[in-house]
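*Asks:* Before I ask anything, let me first share the structure, which is written out below as structure tokens.
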Amino acid sequence: MATRRKGQTLFFAGPPTILATAAVVGPREGAGPLAGWFDVVKPDRLLGQKSWELAESKMAEEAVDVALAKAGLQRREIDVLLAGDLLNQIIASSFVARSLDIPYVGLYGACSTMAEAVALGAVLVDGGYADRVCALSSSHHDTAERQYRYPVEFGSQRPPTAQWTATAAGAAVVGPPGAGRVGITHATLGRVVDWGRKDPFDMGSAMAPAAADTIAAHFRDTGRSPEDYDLVVTGDLAAVGHPLTHDLLKERGLDLEGRFVDCGRMLYDETQDAHAGASGCGCSAAVFCGYLMRNLVEGRFKRVLLVATGALHSPTSTQQGETIPCVAHAIAVEGGS
Amino acid sequence: MARPDRATTEKYARMVARHAPRPPLLRNVLGAFLVGGAICAVGQLVLGLLLARGLPLKEATTPTSTIMIVLGALLTGLGVYDEVSKRGGMGAALPITGFANSIAAPAMEFRREGLVLGVGARLFTIAGPVIVFAVAAALVVAGFRMLVTGGAGN
């Protein structure tokens, strides 16, 4: 009988802590409103590599190295790497693992992967199976474009509901209680929710019910109320999905007014032509590892619920006319522990 | 509910429709008009120059198309054409320069996967369906014409 789980939510005893995080982003993200919160801003999207895929992997590897440097750790002091990205067979993450030379668990939760990785990292540390785990996730605009949509230089007009895949990576080192200043107290694992949306150029409305489902489950399982959090932060619902989630939660009697934000709406500003906002694994990863974590460490936020959202479709399933299954995983983190 | 009944998904679809921003129709139409018109004006200019150099009209159209294709491919390579298409929409996609863009873009993109399985196999990723159905439509129309006119006339 599991005693540290209620419903969909895991309750961590210690709690495990986040020793350090790092966010590495591309030029467009580095020119956005959160520019000052990232550890590294890359001046170009190819990072001197010969393909977009290698560029994404390089960016992810740099995120790991910067996070380790901030934690004062060597690569071999990490017990497990938990990582995932959007590419077929998650090659960006696996190529990072190839050069790290430590045990690796590849994850796929689409854009929910960062929360999934941190949650599983907390499980490993809390269960005594690891001392230090690195959670990593990345996305790259051009790798995603060519895989999910069109060749990069092909001209097309995107609908206003479309989102812009972020070129960004985030890495977080999870360690034992007391080792870091930000604790991971709960993780709410999401169900796959599919409310019949099919349009891959409107993933926000597809993911909104999944986000609402996980957020409602979190408050139900923990008995907490929205007032217990400074911020409830969704991953990449953007300008369409985020207000929809807000309304869906209101229908369930949860009012997040004034404390409900979305990484996808924070990464770019109106002038950056991102349409509805940002998306991609790197979106929530970089906003969490950069902006949110630094505010938690420096005490401006006390308690934050990160709800990373992922659309679990593939180009094949879309072409075959299937609806988009979605998932959202939530982690509750608090500073000062 | 993870997969709700039809009533819920339909209610949700209406809720989404209320939230979703509409494409800026007027701006898109105006963009298509200006960009499409500009491309056609360039084409007319090229044709005019060829005619002025003494080529008869019937022979001048092919090099005009070729020059427009080269221009479209060149602008794709310089990373300009996708910016033009973003504003021009159909106005940039429909002229032959848009066709050139749809060939040049995958050629650049899949070069990294090699000449045969990259460029060769993926070159017509976007243009392929257009060619297939254009040829199929031409076949139907030509067949229809033959039935009606008995293949006579030109």
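Residues in the structure tokens are numbered from 1 in each chain, the chains being A, B, ... in the order shown, and ligands are numbered from 1 in the order shown.
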Give me the chain B side of the contact with chain A, cut-off 6 Å, one line per residue showing its nearest atom pair and distance in Å at one decimal, counting only C-alpha atoms, sorted by chain and residue number, as a tab-separated table.
*Replies:*
```
residue	atom	partner	partner_atom	distance
B:Ala2	CA	A:Val193	CA	4.1
B:Arg3	CA	A:Asp194	CA	5.3
B:Thr9	CA	A:Trp195	CA	5.5
B:Ala20	CA	A:Val240	CA	5.8
B:Pro23	CA	A:Pro160	CA	5.9
B:Asp82	CA	A:Gly155	CA	3.7
B:Ser85	CA	A:Gly155	CA	4.8
B:Lys86	CA	A:Gln157	CA	4.7
B:Gly89	CA	A:Gln157	CA	5.5
B:Ser102	CA	A:Phe154	CA	5.9
B:Ala105	CA	A:Glu153	CA	5.0
B:Pro106	CA	A:Pro151	CA	5.5
B:Glu109	CA	A:Pro151	CA	5.7
```
*Asks:* Please give the complete set of residues from range 59-253 of chain A that DSSP, run on the backbone, assigns to strand (DSSP E), formatted as a PyMOL selection string.
*Replies:* chain A and resi 80-85+104-106+133-139+164-165+168-175+182-188+231-234
*Asks:* Which is closest to Ser284 in chain A among A:Leu256, A:Val105, A:Met114, A:Ala67, if we use only C-alpha atoms?
*Replies:*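 Once distances to Ser284 in chain A are computed over only C-alpha atoms, the minimum belongs to A:Met114.
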*Asks:* For Val118 in chain A, find every residue with an atom within 8 Å (counting only C-alpha atoms), except residues of its own chain fewer than 2 positions away, and show them as number ranges by chain.
*Replies:* A: 114-116, 120-122, 135, 172, 174, 331
*Asks:* Which of range 21-70 of chain B end up as alpha helix (DSSP H) when DSSP is run on this backbone - answer as number ranges by chain?
*Replies:* B: 25-52, 57-70
*Asks:* Within 7 Å of Met90 in chain B, counting only C-alpha atoms, which residues show up once you throw out same-chain ones fewer than 3 positions away? Write them as a VMD selection string, please.
*Replies:* chain B and resid 32 93 to 94
*Asks:* So what do you get for CA of Thr21 in chain A versus CA of Gly336 in chain A, distance-wise?
*Replies:*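 Spanning CA of Thr21 in chain A to CA of Gly336 in chain A is a straight-line distance of 15.9 Å.
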